[in-house]
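Source file: upload_31.cif. Holds: mmCIF, N, CA and C atoms and all ligand atoms.
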```
data_protein
loop_
_atom_site.label_atom_id
_atom_site.label_comp_id
_atom_site.auth_asym_id
_atom_site.auth_seq_id
_atom_site.Cartn_x
_atom_site.Cartn_y
_atom_site.Cartn_z
N MET A 1 101.65 -182.04 -99.60
CA MET A 1 101.23 -182.26 -98.20
C MET A 1 100.06 -181.34 -97.82
N PHE A 2 100.33 -180.05 -97.94
CA PHE A 2 99.33 -179.06 -97.59
C PHE A 2 98.11 -179.14 -98.53
N GLU A 3 98.41 -179.32 -99.84
CA GLU A 3 97.33 -179.39 -100.84
C GLU A 3 96.43 -180.61 -100.61
N GLY A 4 97.10 -181.69 -100.18
CA GLY A 4 96.36 -182.94 -99.93
C GLY A 4 95.35 -182.77 -98.82
N VAL A 5 95.73 -182.06 -97.77
CA VAL A 5 94.81 -181.81 -96.64
C VAL A 5 93.64 -180.96 -97.11
N LYS A 6 93.94 -179.93 -97.96
CA LYS A 6 92.89 -179.04 -98.49
C LYS A 6 91.84 -179.83 -99.28
N ALA A 7 92.41 -180.70 -100.15
CA ALA A 7 91.51 -181.50 -101.00
C ALA A 7 90.61 -182.39 -100.16
N GLU A 8 91.18 -182.95 -99.10
CA GLU A 8 90.41 -183.84 -98.22
C GLU A 8 89.25 -183.08 -97.58
N ALA A 9 89.60 -181.80 -97.13
CA ALA A 9 88.58 -180.99 -96.46
C ALA A 9 87.45 -180.63 -97.42
N SER A 10 87.82 -180.25 -98.67
CA SER A 10 86.82 -179.85 -99.64
C SER A 10 85.92 -181.03 -100.01
N SER A 11 86.53 -182.21 -100.13
CA SER A 11 85.76 -183.40 -100.51
C SER A 11 84.76 -183.74 -99.40
N SER A 12 85.19 -183.60 -98.13
CA SER A 12 84.30 -183.92 -97.02
C SER A 12 83.13 -182.93 -96.97
N GLN A 13 83.44 -181.64 -97.32
CA GLN A 13 82.39 -180.61 -97.34
C GLN A 13 81.33 -180.94 -98.40
N SER A 14 81.81 -181.36 -99.57
CA SER A 14 80.88 -181.67 -100.66
C SER A 14 79.99 -182.86 -100.28
N ILE A 15 80.55 -183.81 -99.55
CA ILE A 15 79.77 -184.99 -99.13
C ILE A 15 78.68 -184.58 -98.15
N SER A 16 79.07 -183.66 -97.18
CA SER A 16 78.10 -183.23 -96.17
C SER A 16 76.96 -182.45 -96.82
N SER A 17 77.28 -181.62 -97.86
CA SER A 17 76.25 -180.84 -98.55
C SER A 17 75.30 -181.75 -99.31
N GLN A 18 75.84 -182.80 -99.89
CA GLN A 18 75.00 -183.77 -100.60
C GLN A 18 74.04 -184.46 -99.63
N ALA A 19 74.55 -184.77 -98.42
CA ALA A 19 73.73 -185.44 -97.43
C ALA A 19 72.57 -184.54 -96.98
N SER A 20 72.85 -183.22 -96.81
CA SER A 20 71.79 -182.28 -96.40
C SER A 20 70.73 -182.14 -97.49
N ASP A 21 71.16 -182.18 -98.76
CA ASP A 21 70.20 -182.13 -99.87
C ASP A 21 69.29 -183.36 -99.86
N GLY A 22 69.89 -184.51 -99.54
CA GLY A 22 69.12 -185.75 -99.51
C GLY A 22 68.09 -185.75 -98.38
N SER A 23 68.45 -185.15 -97.24
CA SER A 23 67.52 -185.14 -96.10
C SER A 23 66.36 -184.17 -96.34
N PHE A 24 66.60 -183.13 -97.21
CA PHE A 24 65.53 -182.16 -97.50
C PHE A 24 64.51 -182.80 -98.44
N HIS A 25 63.44 -183.29 -97.90
CA HIS A 25 62.48 -184.09 -98.69
C HIS A 25 61.05 -183.68 -98.31
N ILE A 26 60.28 -183.25 -99.29
CA ILE A 26 58.87 -182.89 -99.05
C ILE A 26 57.97 -184.00 -99.61
N SER A 27 57.16 -184.57 -98.75
CA SER A 27 56.24 -185.62 -99.23
C SER A 27 54.96 -184.95 -99.74
N PRO A 28 54.57 -185.19 -101.00
CA PRO A 28 53.36 -184.57 -101.54
C PRO A 28 52.11 -185.15 -100.88
N PRO A 29 51.05 -184.35 -100.65
CA PRO A 29 49.83 -184.87 -100.03
C PRO A 29 49.13 -185.86 -100.94
N SER A 30 48.73 -186.97 -100.38
CA SER A 30 48.08 -188.01 -101.18
C SER A 30 46.66 -187.58 -101.53
N VAL A 31 46.18 -187.98 -102.70
CA VAL A 31 44.86 -187.56 -103.19
C VAL A 31 43.75 -188.14 -102.33
N SER A 32 43.96 -189.37 -101.84
CA SER A 32 42.90 -190.04 -101.07
C SER A 32 42.63 -189.30 -99.76
N SER A 33 43.69 -188.82 -99.10
CA SER A 33 43.50 -188.13 -97.82
C SER A 33 42.79 -186.79 -98.05
N PHE A 34 43.07 -186.13 -99.16
CA PHE A 34 42.42 -184.85 -99.49
C PHE A 34 40.93 -185.04 -99.72
N LYS A 35 40.59 -186.11 -100.42
CA LYS A 35 39.16 -186.40 -100.68
C LYS A 35 38.41 -186.63 -99.38
N ARG A 36 39.07 -187.37 -98.46
CA ARG A 36 38.44 -187.66 -97.17
C ARG A 36 38.14 -186.37 -96.41
N GLU A 37 39.08 -185.40 -96.50
CA GLU A 37 38.91 -184.12 -95.80
C GLU A 37 37.68 -183.38 -96.31
N VAL A 38 37.49 -183.37 -97.63
CA VAL A 38 36.34 -182.70 -98.24
C VAL A 38 35.04 -183.35 -97.80
N ALA A 39 35.05 -184.68 -97.75
CA ALA A 39 33.84 -185.41 -97.34
C ALA A 39 33.46 -185.07 -95.91
N SER A 40 34.46 -185.00 -95.02
CA SER A 40 34.17 -184.71 -93.62
C SER A 40 33.62 -183.29 -93.47
N LYS A 41 34.10 -182.36 -94.31
CA LYS A 41 33.58 -180.98 -94.26
C LYS A 41 32.12 -180.96 -94.66
N LYS A 42 31.76 -181.75 -95.68
CA LYS A 42 30.36 -181.82 -96.11
C LYS A 42 29.48 -182.37 -95.01
N ILE A 43 29.97 -183.40 -94.32
CA ILE A 43 29.21 -184.02 -93.23
C ILE A 43 29.01 -183.01 -92.11
N ARG A 44 30.07 -182.24 -91.83
CA ARG A 44 29.98 -181.23 -90.78
C ARG A 44 28.93 -180.18 -91.13
N ALA A 45 28.88 -179.76 -92.40
CA ALA A 45 27.90 -178.77 -92.84
C ALA A 45 26.49 -179.31 -92.71
N ALA A 46 26.31 -180.60 -93.04
CA ALA A 46 24.99 -181.22 -92.95
C ALA A 46 24.54 -181.30 -91.50
N SER A 47 25.44 -181.62 -90.60
CA SER A 47 25.09 -181.73 -89.18
C SER A 47 24.71 -180.36 -88.61
N SER A 48 25.40 -179.32 -89.05
CA SER A 48 25.08 -177.97 -88.57
C SER A 48 23.73 -177.53 -89.10
N ALA A 49 23.38 -177.96 -90.33
CA ALA A 49 22.07 -177.63 -90.90
C ALA A 49 20.98 -178.33 -90.11
N ARG A 50 21.26 -179.58 -89.70
CA ARG A 50 20.30 -180.32 -88.88
C ARG A 50 20.10 -179.63 -87.54
N ARG A 51 21.18 -179.08 -87.00
CA ARG A 51 21.09 -178.38 -85.72
C ARG A 51 20.16 -177.18 -85.82
N LEU A 52 20.17 -176.48 -86.97
CA LEU A 52 19.29 -175.33 -87.17
C LEU A 52 17.84 -175.79 -87.17
N ASN A 53 17.58 -176.99 -87.73
CA ASN A 53 16.22 -177.49 -87.81
C ASN A 53 15.66 -177.86 -86.44
N ILE A 54 16.55 -178.12 -85.48
CA ILE A 54 16.11 -178.54 -84.15
C ILE A 54 15.20 -177.49 -83.52
N ALA A 55 15.52 -176.20 -83.72
CA ALA A 55 14.74 -175.12 -83.13
C ALA A 55 13.67 -174.60 -84.07
N ALA A 56 13.13 -175.48 -84.94
CA ALA A 56 12.17 -175.05 -85.95
C ALA A 56 10.84 -174.65 -85.31
N PHE A 57 10.47 -175.30 -84.20
CA PHE A 57 9.18 -175.03 -83.56
C PHE A 57 9.40 -174.32 -82.24
N LYS A 58 8.92 -173.10 -82.18
CA LYS A 58 9.17 -172.27 -81.00
C LYS A 58 7.85 -171.91 -80.34
N CYS A 59 7.87 -171.90 -79.03
CA CYS A 59 6.69 -171.52 -78.26
C CYS A 59 6.33 -170.07 -78.54
N PRO A 60 5.06 -169.77 -78.86
CA PRO A 60 4.66 -168.38 -79.16
C PRO A 60 4.69 -167.46 -77.95
N LEU A 61 4.72 -168.05 -76.76
CA LEU A 61 4.79 -167.24 -75.55
C LEU A 61 6.21 -166.70 -75.39
N GLU A 62 6.36 -165.37 -75.53
CA GLU A 62 7.70 -164.77 -75.55
C GLU A 62 8.44 -164.97 -74.23
N SER A 63 7.71 -164.97 -73.12
CA SER A 63 8.36 -165.14 -71.81
C SER A 63 8.83 -166.57 -71.61
N CYS A 64 8.30 -167.51 -72.41
CA CYS A 64 8.69 -168.92 -72.29
C CYS A 64 9.90 -169.21 -73.17
N GLY A 65 9.75 -169.05 -74.49
CA GLY A 65 10.88 -169.20 -75.40
C GLY A 65 11.34 -170.63 -75.62
N SER A 66 10.53 -171.61 -75.27
CA SER A 66 10.93 -173.01 -75.46
C SER A 66 10.91 -173.38 -76.94
N THR A 67 11.85 -174.22 -77.34
CA THR A 67 11.92 -174.69 -78.73
C THR A 67 11.78 -176.20 -78.78
N PHE A 68 11.25 -176.69 -79.92
CA PHE A 68 10.96 -178.12 -80.05
C PHE A 68 11.34 -178.62 -81.43
N THR A 69 11.69 -179.92 -81.47
CA THR A 69 12.13 -180.52 -82.73
C THR A 69 10.95 -180.96 -83.59
N ALA A 70 9.81 -181.23 -82.95
CA ALA A 70 8.65 -181.74 -83.68
C ALA A 70 7.42 -180.89 -83.35
N ARG A 71 6.51 -180.80 -84.34
CA ARG A 71 5.33 -179.95 -84.17
C ARG A 71 4.43 -180.45 -83.03
N HIS A 72 4.27 -181.78 -82.91
CA HIS A 72 3.37 -182.30 -81.87
C HIS A 72 3.90 -182.01 -80.48
N ASN A 73 5.25 -181.95 -80.35
CA ASN A 73 5.84 -181.59 -79.06
C ASN A 73 5.47 -180.16 -78.68
N LEU A 74 5.51 -179.27 -79.68
CA LEU A 74 5.16 -177.87 -79.44
C LEU A 74 3.67 -177.75 -79.13
N THR A 75 2.83 -178.52 -79.83
CA THR A 75 1.38 -178.48 -79.60
C THR A 75 1.04 -178.91 -78.17
N ASN A 76 1.68 -179.98 -77.73
CA ASN A 76 1.48 -180.44 -76.35
C ASN A 76 1.92 -179.39 -75.35
N HIS A 77 3.02 -178.72 -75.67
CA HIS A 77 3.55 -177.69 -74.79
C HIS A 77 2.60 -176.50 -74.73
N ILE A 78 2.07 -176.10 -75.88
CA ILE A 78 1.14 -174.96 -75.93
C ILE A 78 -0.13 -175.28 -75.14
N ASN A 79 -0.58 -176.54 -75.22
CA ASN A 79 -1.76 -176.94 -74.46
C ASN A 79 -1.57 -176.72 -72.97
N SER A 80 -0.35 -176.88 -72.49
CA SER A 80 -0.07 -176.64 -71.07
C SER A 80 -0.16 -175.16 -70.74
N HIS A 81 0.08 -174.31 -71.74
CA HIS A 81 -0.03 -172.86 -71.53
C HIS A 81 -1.48 -172.38 -71.64
N ASN A 82 -2.33 -173.16 -72.27
CA ASN A 82 -3.65 -172.68 -72.65
C ASN A 82 -4.54 -172.33 -71.46
N LYS A 83 -4.17 -172.77 -70.26
CA LYS A 83 -4.96 -172.41 -69.08
C LYS A 83 -4.91 -170.90 -68.84
N TYR A 84 -3.83 -170.28 -69.33
CA TYR A 84 -3.64 -168.85 -69.09
C TYR A 84 -3.61 -168.13 -70.44
N ARG A 85 -4.75 -167.51 -70.79
CA ARG A 85 -4.83 -166.80 -72.07
C ARG A 85 -5.41 -165.40 -71.82
N PRO A 86 -4.56 -164.45 -71.46
CA PRO A 86 -5.04 -163.13 -71.06
C PRO A 86 -5.48 -162.24 -72.23
N HIS A 87 -5.05 -162.57 -73.46
CA HIS A 87 -5.33 -161.71 -74.62
C HIS A 87 -6.58 -162.21 -75.32
N ARG A 88 -7.68 -161.43 -75.18
CA ARG A 88 -8.98 -161.88 -75.65
C ARG A 88 -9.47 -161.05 -76.83
N CYS A 89 -10.04 -161.74 -77.79
CA CYS A 89 -10.61 -161.08 -78.96
C CYS A 89 -12.10 -160.80 -78.71
N LEU A 90 -12.69 -159.88 -79.50
CA LEU A 90 -14.10 -159.53 -79.36
C LEU A 90 -15.01 -160.72 -79.66
N CYS A 91 -14.51 -161.67 -80.47
CA CYS A 91 -15.31 -162.84 -80.84
C CYS A 91 -15.39 -163.86 -79.71
N GLY A 92 -14.60 -163.67 -78.65
CA GLY A 92 -14.67 -164.56 -77.50
C GLY A 92 -13.47 -165.48 -77.38
N LEU A 93 -12.68 -165.62 -78.45
CA LEU A 93 -11.47 -166.46 -78.37
C LEU A 93 -10.38 -165.74 -77.58
N SER A 94 -9.60 -166.48 -76.83
CA SER A 94 -8.51 -165.89 -76.05
C SER A 94 -7.19 -166.52 -76.47
N PHE A 95 -6.12 -165.75 -76.30
CA PHE A 95 -4.79 -166.17 -76.79
C PHE A 95 -3.73 -165.90 -75.73
N THR A 96 -2.63 -166.66 -75.87
CA THR A 96 -1.56 -166.59 -74.86
C THR A 96 -0.75 -165.31 -74.99
N THR A 97 -0.59 -164.79 -76.21
CA THR A 97 0.23 -163.60 -76.41
C THR A 97 -0.51 -162.55 -77.23
N GLN A 98 -0.08 -161.29 -77.10
CA GLN A 98 -0.64 -160.20 -77.88
C GLN A 98 -0.38 -160.43 -79.37
N GLY A 99 0.79 -160.98 -79.69
CA GLY A 99 1.15 -161.23 -81.09
C GLY A 99 0.22 -162.22 -81.75
N VAL A 100 -0.11 -163.29 -81.05
CA VAL A 100 -1.01 -164.30 -81.59
C VAL A 100 -2.41 -163.70 -81.74
N LEU A 101 -2.83 -162.87 -80.77
CA LEU A 101 -4.13 -162.21 -80.84
C LEU A 101 -4.18 -161.26 -82.05
N ASN A 102 -3.12 -160.48 -82.26
CA ASN A 102 -3.08 -159.56 -83.40
C ASN A 102 -3.16 -160.33 -84.72
N ARG A 103 -2.50 -161.47 -84.79
CA ARG A 103 -2.55 -162.31 -86.00
C ARG A 103 -3.97 -162.80 -86.22
N HIS A 104 -4.63 -163.19 -85.15
CA HIS A 104 -6.01 -163.67 -85.26
C HIS A 104 -6.95 -162.54 -85.67
N LYS A 105 -6.74 -161.35 -85.14
CA LYS A 105 -7.62 -160.21 -85.42
C LYS A 105 -7.65 -159.86 -86.89
N LYS A 106 -6.51 -160.10 -87.60
CA LYS A 106 -6.45 -159.83 -89.02
C LYS A 106 -7.41 -160.72 -89.80
N ARG A 107 -7.58 -161.96 -89.32
CA ARG A 107 -8.48 -162.90 -89.96
C ARG A 107 -9.90 -162.76 -89.42
N CYS A 108 -9.99 -162.36 -88.14
CA CYS A 108 -11.28 -162.30 -87.48
C CYS A 108 -12.09 -161.13 -88.01
N SER A 109 -13.38 -161.35 -88.30
CA SER A 109 -14.24 -160.31 -88.87
C SER A 109 -14.85 -159.44 -87.78
N LYS A 110 -14.85 -159.90 -86.55
CA LYS A 110 -15.49 -159.16 -85.45
C LYS A 110 -14.57 -158.11 -84.81
ZN ZN B 201 5.99 -172.19 -73.75
ZN ZN B 202 -11.62 -163.03 -83.05
#
```
Represent the structure from my file as structure tokens, please.
Amino acid sequence: MFEGVKAEASSSQSISSQASDGSFHISPPSVSSFKREVASKKIRAASSARRLNIAAFKCPLESCGSTFTARHNLTNHINSHNKYRPHRCLCGLSFTTQGVLNRHKKRCSK
């Protein structure tokens, strides 16, 4: 009588432990999803590199600091600044900034 109850309890315990083992299941990551992740990282890196190129052309006027994606945009912008060129070389050419004038002076023979 007593032994029978014990056996019943032990058998039910073993069944419950088996069920918990069955529920413990780890699904391995699929190869296709991993490849997709790597591709997206590459695309992200390429887009960030493109973002760096956006500021490739910068206005030489330090007080302005405008940046441009294309050279002709910067040229048009500089033309708008050209009315004001306080930095003058001995040869008669004038420049918007001291830095640009110093660069010119290295080439200028006068
Ligand atoms: Zn500017
Ligand atoms: Zn000069």
Checklist line | Neighbourhood of ligand ZN 202 (chain B) at 12 Å, counting only C-alpha atoms and all ligand atoms, reported as an NGL selection string | finding: :A and (87-95 or 100-110)
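Separating atom CA of Thr96 of chain A from atom CA of Ala70 of chain A is a distance of 20.3 Å.
Those protein and nucleic acid residues that have any atom within 5 Å of ligand ZN 201 (chain B) are, using all atoms listed in the file, Cys59, Cys64, Gly65 and Ser66 of chain A.
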Next item on the list: Write out as a VMD selection string each polymer residue whose atoms come within 6.5 Å of Phe57 of chain A, counting only N, CA and C atoms; drop sequence neighbours fewer than 5 positions from it.
Entry: chain A and resid 66 to 71 74
Could the residues in this selection be saved with N, CA and C atoms as an mmCIF file, in the coordinates of the input?
```cif
data_model
loop_
_atom_site.group_PDB
_atom_site.id
_atom_site.type_symbol
_atom_site.label_atom_id
_atom_site.label_comp_id
_atom_site.auth_asym_id
_atom_site.auth_seq_id
_atom_site.Cartn_x
_atom_site.Cartn_y
_atom_site.Cartn_z
ATOM 1 N N SER A 66 10.530 -171.610 -75.270
ATOM 2 C CA SER A 66 10.930 -173.010 -75.460
ATOM 3 C C SER A 66 10.910 -173.380 -76.940
ATOM 4 N N THR A 67 11.850 -174.220 -77.340
ATOM 5 C CA THR A 67 11.920 -174.690 -78.730
ATOM 6 C C THR A 67 11.780 -176.200 -78.780
ATOM 7 N N PHE A 68 11.250 -176.690 -79.920
ATOM 8 C CA PHE A 68 10.960 -178.120 -80.050
ATOM 9 C C PHE A 68 11.340 -178.620 -81.430
ATOM 10 N N THR A 69 11.690 -179.920 -81.470
ATOM 11 C CA THR A 69 12.130 -180.520 -82.730
ATOM 12 C C THR A 69 10.950 -180.960 -83.590
ATOM 13 N N ALA A 70 9.810 -181.230 -82.950
ATOM 14 C CA ALA A 70 8.650 -181.740 -83.680
ATOM 15 C C ALA A 70 7.420 -180.890 -83.350
ATOM 16 N N ARG A 71 6.510 -180.800 -84.340
ATOM 17 C CA ARG A 71 5.330 -179.950 -84.170
ATOM 18 C C ARG A 71 4.430 -180.450 -83.030
ATOM 19 N N LEU A 74 5.510 -179.270 -79.680
ATOM 20 C CA LEU A 74 5.160 -177.870 -79.440
ATOM 21 C C LEU A 74 3.670 -177.750 -79.130
#
```
Next item on the list: In Å, rounded to a single decimal, give me how far atom C of Glu62 of chain A is from atom CA of Arg85 of chain A.
Entry: 13.6 Å
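In this structure, atom CA of His77 of chain A sits 10.3 Å away from atom CA of Pro60 of chain A.
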Draw an axis-aligned box over all listed atoms of segment 86-99 of chain A, pad each side with 6 Å, and write its centre and edge lengths in Å, one decimal, as lines of an AutoDock Vina configuration file.
```
center_x = -7.1
center_y = -163.1
center_z = -76.4
size_x = 28.5
size_y = 19.1
size_z = 22.7
```
